[in-house]
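Here is target.cif, consisting of mmCIF, C-alpha atoms:
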```
data_data
loop_
_atom_site.label_atom_id
_atom_site.label_comp_id
_atom_site.auth_asym_id
_atom_site.auth_seq_id
_atom_site.Cartn_x
_atom_site.Cartn_y
_atom_site.Cartn_z
CA MET A 153 39.49 -26.79 -66.27
CA PHE A 154 39.38 -29.25 -63.38
CA THR A 155 42.67 -30.12 -61.80
CA PRO A 156 43.18 -32.32 -58.75
CA VAL A 157 44.20 -29.28 -56.70
CA ARG A 158 41.04 -27.31 -57.66
CA VAL A 159 38.83 -30.30 -56.89
CA LEU A 160 40.54 -30.72 -53.51
CA PHE A 161 40.09 -27.00 -52.69
CA GLY A 162 36.44 -27.24 -53.76
CA ILE A 163 35.79 -30.20 -51.47
CA VAL A 164 37.59 -28.57 -48.53
CA GLY A 165 35.68 -25.32 -49.13
CA ALA A 166 32.32 -27.13 -49.24
CA ILE A 167 33.08 -28.97 -45.99
CA ALA A 168 34.16 -25.72 -44.29
CA LEU A 169 30.99 -23.96 -45.47
CA TRP A 170 28.77 -26.81 -44.25
CA TYR A 171 30.49 -26.91 -40.84
CA GLY A 172 30.23 -23.14 -40.46
CA LEU A 173 26.52 -23.07 -41.31
CA LYS A 174 25.81 -26.01 -39.00
CA SER A 175 27.68 -24.43 -36.07
CA LEU A 176 25.68 -21.22 -36.56
CA GLY A 177 22.43 -23.21 -36.55
CA VAL A 178 21.49 -22.33 -40.13
CA ILE A 179 21.59 -26.01 -41.09
CA GLY A 180 19.67 -28.07 -38.56
CA GLY A 181 20.08 -31.61 -37.44
CA SER A 182 17.58 -33.56 -35.42
CA SER A 183 18.18 -35.49 -32.26
CA ASN A 184 16.39 -36.86 -29.23
CA MET A 185 16.98 -35.45 -25.78
CA VAL A 186 19.76 -37.07 -23.85
CA GLY A 187 17.75 -37.22 -20.63
CA PRO A 188 15.58 -35.16 -18.30
CA LEU A 189 16.87 -32.60 -15.87
CA PRO A 190 16.82 -33.68 -12.23
CA ALA A 191 13.72 -32.45 -10.40
CA PRO A 192 14.52 -29.92 -7.69
CA ALA A 193 14.22 -31.30 -4.16
CA GLY A 194 12.79 -29.35 -1.26
CA THR A 195 10.50 -27.19 -3.41
CA PRO A 196 6.73 -26.99 -3.09
CA ASN A 197 5.07 -30.04 -4.65
CA ALA A 198 8.45 -31.77 -5.10
CA ALA A 199 6.82 -35.22 -5.09
CA LEU A 200 4.43 -34.15 -7.87
CA ILE A 201 7.28 -32.63 -9.88
CA GLN A 202 9.18 -35.91 -9.77
CA GLN A 203 6.13 -37.69 -11.20
CA GLN A 204 6.06 -35.50 -14.32
CA ALA A 205 7.79 -36.52 -17.55
CA PHE A 206 8.61 -34.53 -20.67
CA THR A 207 10.05 -35.91 -23.90
CA SER A 208 10.67 -34.48 -27.33
CA PRO A 209 13.06 -34.69 -30.25
CA TRP A 210 14.74 -31.36 -30.99
CA GLN A 211 15.95 -29.66 -34.12
CA VAL A 212 17.72 -26.44 -35.07
CA THR A 213 15.95 -24.62 -37.87
CA ASN A 214 17.15 -21.24 -39.16
CA GLY A 215 19.15 -20.72 -35.98
CA ASP A 216 16.26 -21.43 -33.57
CA LEU A 217 15.89 -24.48 -31.35
CA HIS A 218 12.58 -26.29 -31.84
CA LEU A 219 11.08 -29.09 -29.78
CA THR A 220 9.21 -31.25 -32.27
CA THR A 221 6.23 -33.36 -31.12
CA PRO A 222 6.80 -32.68 -27.40
CA SER A 223 4.84 -34.71 -24.85
CA TRP A 224 4.10 -34.00 -21.17
CA SER A 225 2.98 -36.93 -19.00
CA ASN A 226 1.44 -36.47 -15.57
CA ASN A 227 2.25 -39.74 -13.80
CA SER A 228 0.77 -38.59 -10.49
CA ASN A 229 -2.79 -39.00 -9.16
CA ALA A 230 -3.31 -35.22 -8.96
CA ALA A 231 -4.53 -32.90 -11.70
CA ILE A 232 -1.89 -30.32 -12.71
CA GLN A 233 -2.94 -26.88 -13.98
CA SER A 234 0.45 -25.95 -15.45
CA ALA A 235 4.09 -26.96 -15.37
CA ASP A 236 7.32 -24.96 -15.64
CA LEU A 237 9.52 -26.66 -18.22
CA GLU A 238 13.24 -25.82 -18.26
CA CYS A 239 15.27 -26.66 -21.36
CA ASP A 240 19.07 -26.49 -21.18
CA GLN A 241 21.37 -26.33 -24.21
CA TYR A 242 24.83 -27.92 -24.03
CA ASP A 243 27.94 -27.57 -26.17
CA PRO A 244 30.23 -30.49 -27.14
CA ASN A 245 32.19 -30.02 -23.87
CA ASN A 246 28.96 -30.66 -21.92
CA ALA A 247 28.87 -27.03 -20.73
CA ASP A 248 25.35 -25.73 -20.05
CA LYS A 249 25.20 -22.66 -22.34
CA ALA A 250 21.56 -21.55 -22.09
CA GLN A 251 18.37 -22.21 -20.13
CA GLN A 252 14.86 -21.37 -21.24
CA HIS A 253 11.67 -21.70 -19.20
CA ILE A 254 8.31 -22.43 -20.81
CA ARG A 255 4.94 -22.66 -19.09
CA LEU A 256 3.12 -25.80 -20.21
CA THR A 257 -0.67 -25.81 -20.14
CA VAL A 258 -3.23 -28.03 -21.82
CA SER A 259 -4.55 -26.39 -25.00
CA ASN A 260 -8.14 -26.09 -23.74
CA GLY A 261 -7.02 -24.52 -20.43
CA SER A 262 -8.21 -27.40 -18.26
CA PRO A 263 -5.84 -29.16 -15.84
CA LEU A 264 -3.92 -32.21 -17.03
CA PRO A 265 -5.56 -35.11 -15.15
CA GLY A 266 -3.45 -37.54 -13.16
CA GLY A 267 -2.28 -40.48 -15.26
CA ASP A 268 -2.81 -38.55 -18.51
CA SER A 269 -0.51 -36.93 -21.06
CA ASP A 270 -0.70 -34.12 -23.58
CA GLN A 271 1.15 -33.60 -26.84
CA PHE A 272 2.03 -30.21 -28.24
CA SER A 273 2.86 -28.91 -31.66
CA ASP A 274 6.33 -27.55 -32.40
CA LEU A 275 7.69 -25.39 -29.54
CA ASP A 276 10.19 -22.69 -30.58
CA ILE A 277 12.65 -22.32 -27.70
CA GLY A 278 14.48 -19.37 -29.24
CA LYS A 279 18.02 -18.94 -30.52
CA ALA A 280 20.15 -22.07 -30.44
CA VAL A 281 23.59 -21.74 -28.88
CA GLN A 282 26.61 -22.06 -31.15
CA ASN A 283 27.93 -25.64 -31.46
CA LEU A 284 24.81 -27.07 -29.79
CA SER A 285 25.32 -30.77 -29.14
CA LYS A 286 22.46 -31.78 -26.82
CA VAL A 287 19.29 -30.51 -25.18
CA ASN A 288 17.80 -31.63 -21.87
CA CYS A 289 14.37 -30.56 -20.67
CA GLY A 290 12.62 -31.24 -17.40
CA ILE A 291 9.66 -30.12 -15.32
CA MET A 292 10.94 -27.82 -12.57
CA ALA A 293 7.66 -26.73 -10.92
CA VAL A 294 3.95 -27.48 -11.09
CA THR A 295 0.85 -25.45 -10.31
CA LEU A 296 -2.24 -27.17 -8.97
CA PRO A 297 -5.74 -26.06 -9.93
CA GLN A 298 -7.05 -23.27 -7.73
CA GLY A 299 -8.51 -24.56 -4.50
CA THR A 300 -6.71 -27.94 -4.53
CA THR A 301 -3.73 -29.19 -2.55
CA ALA A 302 -1.15 -31.90 -3.17
CA GLN A 303 -2.23 -35.35 -2.09
#
```
Can the structure in the file be given as structure tokens, please?
Amino acid sequence: MFTPVRVLFGIVGAIALWYGLKSLGVIGGSSNMVGPLPAPAGTPNAALIQQQAFTSPWQVTNGDLHLTTPSWSNNSNAAIQSADLECDQYDPNNADKAQQHIRLTVSNGSPLPGGDSDQFSDLDIGKAVQNLSKVNCGIMAVTLPQGTTAQ
């Protein structure tokens, strides 16, 4: 028999269950990145690093953080063999809770030409932090093709 008190407890219980599963990353939401990480200054190829761009929506699925339809753009004039992508996970208090590094390379192994971009399939970053609220990713280093130097 349904009584107002039982209905109220049922609604409160369902909300508590949903919030608990979402905070654990079992239920995923989707969002765009808030913005890129600042490129490190004073590192080798710093000017080339600052000319790289990475964008992707993100989603938590079964507790793992996924970058969906990520795109790397090389806005420089130089070909780039690979890039070190750092993705940081933040909680609602804007505390950086986890960093993951991923080496980006073009699928056929060739360098990414200057002025070109490459899209990737889903990238699994690993376990999402509890209460994840935003993700920022940025290119932190680049590797030039063997035998070339920065222009």
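Using all atoms listed in the file, the smallest distance between any of A:Thr295, A:Lys249, A:Thr300, A:Gln271 and Ala198 of chain A comes from A:Thr295.
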Segment 275-298 of chain A residues near segment 212-236 of chain A within 7 Å, closest pair each, using all atoms listed in the file, as a Markdown table:
```
| residue | atom | partner | partner_atom | distance |
| --- | --- | --- | --- | --- |
| A:Leu275 | CA | A:Leu219 | CA | 5.0 |
| A:Asp276 | CA | A:His218 | CA | 4.5 |
| A:Ile277 | CA | A:Leu217 | CA | 5.3 |
| A:Gly278 | CA | A:Asp216 | CA | 5.1 |
| A:Lys279 | CA | A:Asp216 | CA | 4.3 |
| A:Ala280 | CA | A:Leu217 | CA | 5.0 |
| A:Ile291 | CA | A:Asp236 | CA | 5.7 |
| A:Met292 | CA | A:Asp236 | CA | 5.5 |
| A:Ala293 | CA | A:Asp236 | CA | 5.1 |
| A:Val294 | CA | A:Ala235 | CA | 4.3 |
| A:Thr295 | CA | A:Ser234 | CA | 5.2 |
| A:Leu296 | CA | A:Ile232 | CA | 4.9 |
| A:Pro297 | CA | A:Gln233 | CA | 5.0 |
```
> atom CA of Gly266 of chain A and atom CA of Asn288 of chain A, how far apart in Å?
Replying inline: 23.7 Å
> To one decimal place, how far is atom CA of Gly261 of chain A from atom CA of Val287 of chain A in Å?
Replying inline: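 Going from atom CA of Gly261 of chain A over to atom CA of Val287 of chain A, I get 27.4 Å.
Atom CA of Gln202 of chain A to atom CA of Leu284 of chain A spans 26.9 Å [interatomic distance, one decimal].
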>> With distances taken over only C-alpha atoms, which residue among A:Asn260, A:Thr155, A:Gln241, A:Gln211 lies nearest Leu189 of chain A?
In response: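 For Leu189 of chain A, the nearest of the given residues is A:Gln241.
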Ground truth for the PyMOL selection byres ((chain A and resi 239) around 8), written as a PDB file with C-alpha atoms, keeping the file's coordinate frame:
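Saved as part30.pdb:
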```pdb
ATOM      1  CA  LEU A 237       9.520 -26.660 -18.220  1.00  0.00           C
ATOM      2  CA  GLU A 238      13.240 -25.820 -18.260  1.00  0.00           C
ATOM      3  CA  ASP A 240      19.070 -26.490 -21.180  1.00  0.00           C
ATOM      4  CA  GLN A 241      21.370 -26.330 -24.210  1.00  0.00           C
ATOM      5  CA  GLN A 251      18.370 -22.210 -20.130  1.00  0.00           C
ATOM      6  CA  GLN A 252      14.860 -21.370 -21.240  1.00  0.00           C
ATOM      7  CA  HIS A 253      11.670 -21.700 -19.200  1.00  0.00           C
ATOM      8  CA  VAL A 287      19.290 -30.510 -25.180  1.00  0.00           C
ATOM      9  CA  ASN A 288      17.800 -31.630 -21.870  1.00  0.00           C
ATOM     10  CA  CYS A 289      14.370 -30.560 -20.670  1.00  0.00           C
ATOM     11  CA  GLY A 290      12.620 -31.240 -17.400  1.00  0.00           C
TER      12      GLY A 290
END
```
>> Show me, as a ChimeraX atom specification, the residues that have an atom within 8 Å of Pro244 of chain A when counting only C-alpha atoms, minus same-chain residues fewer than 6 positions from it.
In response: /A:283-286
>> At a cut-off of 10 Å, using only C-alpha atoms, what residues contact Ser259 of chain A? Leave out same-chain residues fewer than 3 positions from it and give the result as a PyMOL selection string.
In response: chain A and resi 256+262-264+270-272
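Each of A:Arg255, A:Ala247, A:Ala205, A:Gln282 was checked against Ser269 of chain A using all atoms listed in the file; the smallest atom-to-atom distance is that of A:Ala205.
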